[in-house]
Every structure is written in structure tokens, then in C-alpha cells.
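The structure appears below as C-alpha cells.
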Amino acid sequence: MALTTKQVPATNPSAPAGAASRRSRAASNRRRHGEGLAGYVFLSPWLLGLMAITAFPMLFSLYLSFTNYDILSSWEFVEWVGFQNYWDLFVNDQTFRHSVKVTLIFAFVAVPLKLAAALGVALLLNRESRGVGLFRSLFYLPSLLGGSVALALIWRAMFSGDGAVNGFLGLFGITGQPWVNDPAWALETLMVLAIWQFGAPMVIFLAGLKQVPTELYEAASVDGAGKVRQFFNVTLPMLSPVIFFNLVLETINGFQGFTAAFVISNGTGGPVDSTMLYTLYLYEKGFTEFQMGYASALAWIFLLAIGLITVLFFSTGRFWVHYSDGDND
């Protein structure tokens, strides 16, 4: 009896596994693409807002800065003037140079004093005692008012010739003066208002102080360090990242100050341009004299100046900002 053998076709055992793997990868890619598309759909309102409210106006103002656009004229009279607006600013505009000087004085005097006041009050309130929460709220309250018109009006009334400040000084036999109408004191009045609103950086300093390990103070005390040395050798180094954060934010806010100067000077930057901050001069050129091309050039110079100052802070921060992990890069 003859035996026959049945031929079995050769098969590739890896074929089913490879096909399944390809199908799985394709499904995974489709799922990722679907998730990415859904993400862009949810982001689309923000992206449209960014383009319509921020990006397009910025690019349009950049274009206007090279023209003589004045709002009132039709577009057929708008001329491309190149860098003429920027040339006039730096060469021929004395008010521009004066506004830069006033803004620098305001920012580099008011901001350090504001941060010093915020840190000092934070140190006083960095304890758990009865009623400390109420005091924290009271000190923070002025920051909630922000740059409101009502607050600026109250401030102008307080520092006028017959205001509450002069009335208080009169109790001690001191003759006051119209602070907001005196060119020698008007800018200082704005600085006092800015310094008084130290609540926001104070809260940030309080949060930073809560993160300083008590073991460092105990070790410093064992080594014989008093409160002053502990402040300079422990508190300030540990708070340096928080100080840096507050310094950058408050400097930018200082350069952007506008409402108080506008209200106290009635929109003129007076008396004698003593409160002519850069933003107020920009507003005057754009919305009082309607020189929108010139105002756009002012705005872009302002943006570049703030950017350069911020870069300067970040480039020098590695020399004095200390992090707990020892990495300052």
C-alpha cells in the first residue's frame, strides 16, 4: 500500500502579526490626528482672538509707524514716510526726550521704594498672630483699586491746596502747598500713589517667606547671627527669585503708568510737563492731535525699550538670583 503525503503550503508566521501591527499603528495615527484636530478646534477661539485683537493690530501699527496717517484724512492722502517719524522723535522732538526722562525717574524711583515697602510689610505680617489676616487684607486693598479713575480723583483732591494732606499738616503748624499743581512735587505725588499700592507684591513676598525653611534661621542663630545678618544672609538670598519676579513685573507696570498721570494733570501732563509720562505723551499724539502714525512709532519704541530692559534683567539675574537647588542658569 503506497503512502501519499499532502503538501502543506508554506506560511509566514510573522505576516498576521505584522498586519495587525500596521493596523494598530494606523488606528493610533488616526486617533492622534483626531485628537490634534479637536485640540485646534477648541483653541480656535483663542487663536482667532490673538490674530484679530493682538497680532493684526500690532502689525498694522507697525505699518502706520512708517506713514503720516492722522485718522482724519482718507487713505488716499496717507503717505509712506519711511523712518521720518523715528527721525523726528530722536532728533527734533524735545517733548519725547522729556517724557522719557520723566518716565525713567518715575519707574526707577517708585518701583524700588514700592518693593521695599512691600517686603517690609510682608516681614511684619509673616507671623501667625491674632488679627494678622485682617491687616493683610487692609494692606492689599489699595491694589484691588488698581489704576482706577476714582482713586486718581481722590488722590488729586487729597493733595490739592485745600486737601486732606494740607489739613493734616496744618494740625502741626506746617503750611502745605498745592502738591499736584507744583511742578516740583507733582511727579512725587504720583510716586507716592504708586508706592501706596504695594499690596500685590506684598502678597507674593508673603508667599515666598512661607517657603523659607526655618532650619536655616535656626542654623544661623546657632552660629551667632542676629536678625539683621539673618535677613541679609538667609532671607534675601532665599527670596531672590521672588524679588526678581516682582522687580520685572513692577518695572513693566511702572513704565505703563497712565491713569493717575492723566487724571491728576487733566490729560495735559502738567504742570509744566512735570507728569508727562511716556504713555501720556503717546496718548496725546494719537488721540488728541490724531497723529496716529507718529503715535505708532512711539508705541513701537516703547515696546522695544521694555523688551530691552526685560532682557537686561534676565541677563543680569543669574549673578544675584539664587535658587534652592543651586542652579542659577
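Going through the C-alpha cells in order, the chains are called A, B, and so on, while each chain numbers its residues from 1 and the ligands are numbered from 1 in the order shown.
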message: Can you tell me which residues surround Ile306 in chain A at a distance of at most 12 Å, considering only C-alpha atoms, apart from same-chain residues fewer than 2 positions away, and format the answer as a PyMOL selection string?
response: chain A and resi 103-104+107+248-256+278+299-304+308-313
Convert the current residue selection to file output with N, CA and C atoms, as a short mmCIF file (atom, residue, chain, number, x, y, z; two decimals), in the first residue's frame.
data_model
loop_
_atom_site.label_atom_id
_atom_site.label_comp_id
_atom_site.auth_asym_id
_atom_site.auth_seq_id
_atom_site.Cartn_x
_atom_site.Cartn_y
_atom_site.Cartn_z
N THR A 103 9.59 109.41 32.69
CA THR A 103 9.19 108.01 32.88
C THR A 103 10.30 107.22 33.57
N LEU A 104 11.54 107.45 33.18
CA LEU A 104 12.66 106.75 33.83
C LEU A 104 12.76 107.12 35.31
N ALA A 107 9.81 105.38 37.12
CA ALA A 107 9.93 103.93 37.24
C ALA A 107 11.06 103.53 38.18
N VAL A 248 10.66 92.51 37.86
CA VAL A 248 10.33 92.54 36.44
C VAL A 248 8.90 93.03 36.22
N LEU A 249 7.95 92.46 36.96
CA LEU A 249 6.55 92.83 36.78
C LEU A 249 6.31 94.29 37.15
N GLU A 250 6.83 94.72 38.28
CA GLU A 250 6.56 96.09 38.73
C GLU A 250 7.28 97.11 37.87
N THR A 251 8.44 96.77 37.32
CA THR A 251 9.11 97.70 36.41
C THR A 251 8.29 97.90 35.14
N ILE A 252 7.78 96.81 34.59
CA ILE A 252 6.93 96.92 33.41
C ILE A 252 5.68 97.72 33.73
N ASN A 253 5.06 97.46 34.89
CA ASN A 253 3.88 98.23 35.29
C ASN A 253 4.22 99.70 35.51
N GLY A 254 5.42 99.96 36.04
CA GLY A 254 5.83 101.34 36.25
C GLY A 254 5.96 102.11 34.95
N PHE A 255 6.51 101.46 33.93
CA PHE A 255 6.63 102.12 32.63
C PHE A 255 5.28 102.31 31.97
N GLN A 256 4.31 101.48 32.30
CA GLN A 256 2.99 101.57 31.68
C GLN A 256 2.02 102.48 32.44
N TYR A 278 5.58 108.78 29.43
CA TYR A 278 5.67 108.38 28.03
C TYR A 278 4.31 107.95 27.48
N ALA A 299 4.79 103.99 20.07
CA ALA A 299 4.41 102.72 20.69
C ALA A 299 5.46 101.65 20.43
N TRP A 300 6.00 101.60 19.22
CA TRP A 300 6.99 100.56 18.92
C TRP A 300 8.32 100.83 19.61
N ILE A 301 8.68 102.08 19.77
CA ILE A 301 9.89 102.40 20.54
C ILE A 301 9.68 101.98 22.00
N PHE A 302 8.48 102.22 22.49
CA PHE A 302 8.14 101.84 23.87
C PHE A 302 8.22 100.32 24.05
N LEU A 303 7.68 99.58 23.09
CA LEU A 303 7.72 98.12 23.16
C LEU A 303 9.16 97.61 23.15
N LEU A 304 9.98 98.15 22.28
CA LEU A 304 11.38 97.71 22.20
C LEU A 304 12.14 98.07 23.47
N LEU A 308 14.00 95.43 25.88
CA LEU A 308 15.44 95.50 26.19
C LEU A 308 15.68 95.52 27.69
N ILE A 309 14.85 96.25 28.43
CA ILE A 309 15.01 96.29 29.88
C ILE A 309 14.74 94.91 30.49
N THR A 310 13.74 94.22 29.97
CA THR A 310 13.44 92.87 30.46
C THR A 310 14.59 91.92 30.17
N VAL A 311 15.16 92.01 28.96
CA VAL A 311 16.31 91.18 28.61
C VAL A 311 17.49 91.49 29.53
N LEU A 312 17.67 92.77 29.84
CA LEU A 312 18.75 93.16 30.75
C LEU A 312 18.56 92.55 32.12
N PHE A 313 17.34 92.56 32.62
CA PHE A 313 17.07 91.94 33.92
C PHE A 313 17.39 90.45 33.90
#
*asked:* I'd like the contact shell of Pro142 in chain A - 10 Å cut-off, only C-alpha atoms, skipping same-chain residues fewer than 6 positions apart - returned as a list in words.
replied: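 Near neighbours after the sequence-gap exclusion: Leu151, Leu193, Ala194, Trp196, Gln197, Phe198, Gly199 and Ala200 of chain A.
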Q | Option closest in space to Trp320 in chain A, from A:Val100, A:Val192, A:Met238, A:Leu282 [counting only C-alpha atoms] | A |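 Once distances to Trp320 in chain A are computed over only C-alpha atoms, the minimum belongs to A:Met238.
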Residue with smallest distance to Ala186 in chain A - pool A:Ser240, A:Ser274, A:Thr268, A:Ser74, counting only C-alpha atoms: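 Closest residue, counting only C-alpha atoms: A:Ser274.
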In terms of only C-alpha atoms, the residue from A:Ile53, A:Ala260, A:Ala38, A:Leu247 at minimal distance from Ala116 in chain A is A:Leu247
One decimal place gives the CA of Gly224 in chain A-CA of Gln211 in chain A separation as 22.8 Å
Handout entry: Phe231 in chain A environment, 12 Å, only C-alpha atoms, sequence neighbours closer than 6 positions dropped, as a list of chain:residue names
Key =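 Residues meeting the cut-off are A:Leu119, A:Gly120, A:Leu123, A:Leu209, A:Val212, A:Leu216, A:Tyr217, A:Ala220, A:Ser221, A:Ala225, A:Pro237, A:Met238, A:Leu239, A:Ser240.
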Based on the selection just made, write N, CA and C atoms of those residues as a PDB file, in the first residue's frame.
ATOM      1  N   LEU A 119       8.109  94.469  50.847  1.00  0.00           N
ATOM      2  CA  LEU A 119       8.896  93.486  51.589  1.00  0.00           C
ATOM      3  C   LEU A 119       8.875  93.781  53.077  1.00  0.00           C
ATOM      4  N   GLY A 120       8.977  95.058  53.446  1.00  0.00           N
ATOM      5  CA  GLY A 120       8.950  95.410  54.868  1.00  0.00           C
ATOM      6  C   GLY A 120       7.648  95.021  55.539  1.00  0.00           C
ATOM      7  N   LEU A 123       7.360  91.217  55.885  1.00  0.00           N
ATOM      8  CA  LEU A 123       8.126  90.705  57.029  1.00  0.00           C
ATOM      9  C   LEU A 123       7.359  90.902  58.336  1.00  0.00           C
ATOM     10  N   LEU A 209       8.137  84.111  51.674  1.00  0.00           N
ATOM     11  CA  LEU A 209       8.641  83.968  53.044  1.00  0.00           C
ATOM     12  C   LEU A 209       8.163  82.674  53.681  1.00  0.00           C
ATOM     13  N   VAL A 212      10.631  79.754  53.008  1.00  0.00           N
ATOM     14  CA  VAL A 212      11.997  79.742  53.545  1.00  0.00           C
ATOM     15  C   VAL A 212      12.052  78.746  54.704  1.00  0.00           C
ATOM     16  N   LEU A 216      17.101  76.996  58.373  1.00  0.00           N
ATOM     17  CA  LEU A 216      18.167  77.934  58.021  1.00  0.00           C
ATOM     18  C   LEU A 216      18.308  79.018  59.078  1.00  0.00           C
ATOM     19  N   TYR A 217      17.186  79.516  59.583  1.00  0.00           N
ATOM     20  CA  TYR A 217      17.253  80.524  60.639  1.00  0.00           C
ATOM     21  C   TYR A 217      17.803  79.929  61.933  1.00  0.00           C
ATOM     22  N   ALA A 220      21.532  79.588  61.486  1.00  0.00           N
ATOM     23  CA  ALA A 220      22.176  80.897  61.557  1.00  0.00           C
ATOM     24  C   ALA A 220      22.197  81.419  62.986  1.00  0.00           C
ATOM     25  N   SER A 221      21.124  81.160  63.738  1.00  0.00           N
ATOM     26  CA  SER A 221      21.081  81.599  65.133  1.00  0.00           C
ATOM     27  C   SER A 221      22.111  80.863  65.974  1.00  0.00           C
ATOM     28  N   ALA A 225      24.341  84.497  64.428  1.00  0.00           N
ATOM     29  CA  ALA A 225      23.834  85.554  63.559  1.00  0.00           C
ATOM     30  C   ALA A 225      22.592  86.181  64.172  1.00  0.00           C
ATOM     31  N   PRO A 237      18.762  86.050  50.142  1.00  0.00           N
ATOM     32  CA  PRO A 237      19.125  85.045  49.125  1.00  0.00           C
ATOM     33  C   PRO A 237      17.990  84.070  48.813  1.00  0.00           C
ATOM     34  N   MET A 238      17.253  83.643  49.825  1.00  0.00           N
ATOM     35  CA  MET A 238      16.168  82.711  49.571  1.00  0.00           C
ATOM     36  C   MET A 238      14.990  83.374  48.852  1.00  0.00           C
ATOM     37  N   LEU A 239      14.853  84.692  49.043  1.00  0.00           N
ATOM     38  CA  LEU A 239      13.766  85.419  48.391  1.00  0.00           C
ATOM     39  C   LEU A 239      14.166  85.988  47.030  1.00  0.00           C
ATOM     40  N   SER A 240      15.409  85.825  46.631  1.00  0.00           N
ATOM     41  CA  SER A 240      15.876  86.474  45.404  1.00  0.00           C
ATOM     42  C   SER A 240      15.057  86.094  44.169  1.00  0.00           C
TER      43      SER A 240
END
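Checking A:Asn181, A:Thr54, A:Ser315, A:Ser129 one by one against Ser265 in chain A, counting only C-alpha atoms, you find the shortest gap at A:Asn181.
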With distances taken over only C-alpha atoms, the candidate from A:Phe159, A:Thr235, A:Ala295, A:Phe168 nearest Thr214 in chain A is A:Thr235
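Across the structure, CA of Gln94 in chain A and CA of Gly286 in chain A are spaced 17.2 Å apart.
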**Q.** DSSP-assigned helix (DSSP H, G or I) among range 206-318 of chain A, expressed as an MDAnalysis selection string
**A.** chainID A and resid 206:210 214:222 227:255 259:264 278:288 292:317
List the neighbours of Val272 in chain A out to 12 Å using only C-alpha atoms; skip same-chain residues closer than 5 positions along the sequence, and give me the result as a list in words. Thr95, His98, Ser99, Val102, Val180, Asn181, Asp182, Pro183, Ala184, Trp185, Ala186, Leu187 and Ser265 of chain A
To one decimal place, how far is CA of Leu72 in chain A from CA of Arg97 in chain A in Å?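 Interatomic distance, CA of Leu72 in chain A to CA of Arg97 in chain A: 26.8 Å.
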Counting only C-alpha atoms, the residue among A:Ile243, A:Leu144, A:Leu277, A:Leu48 that lies closest to Pro112 in chain A is A:Ile243
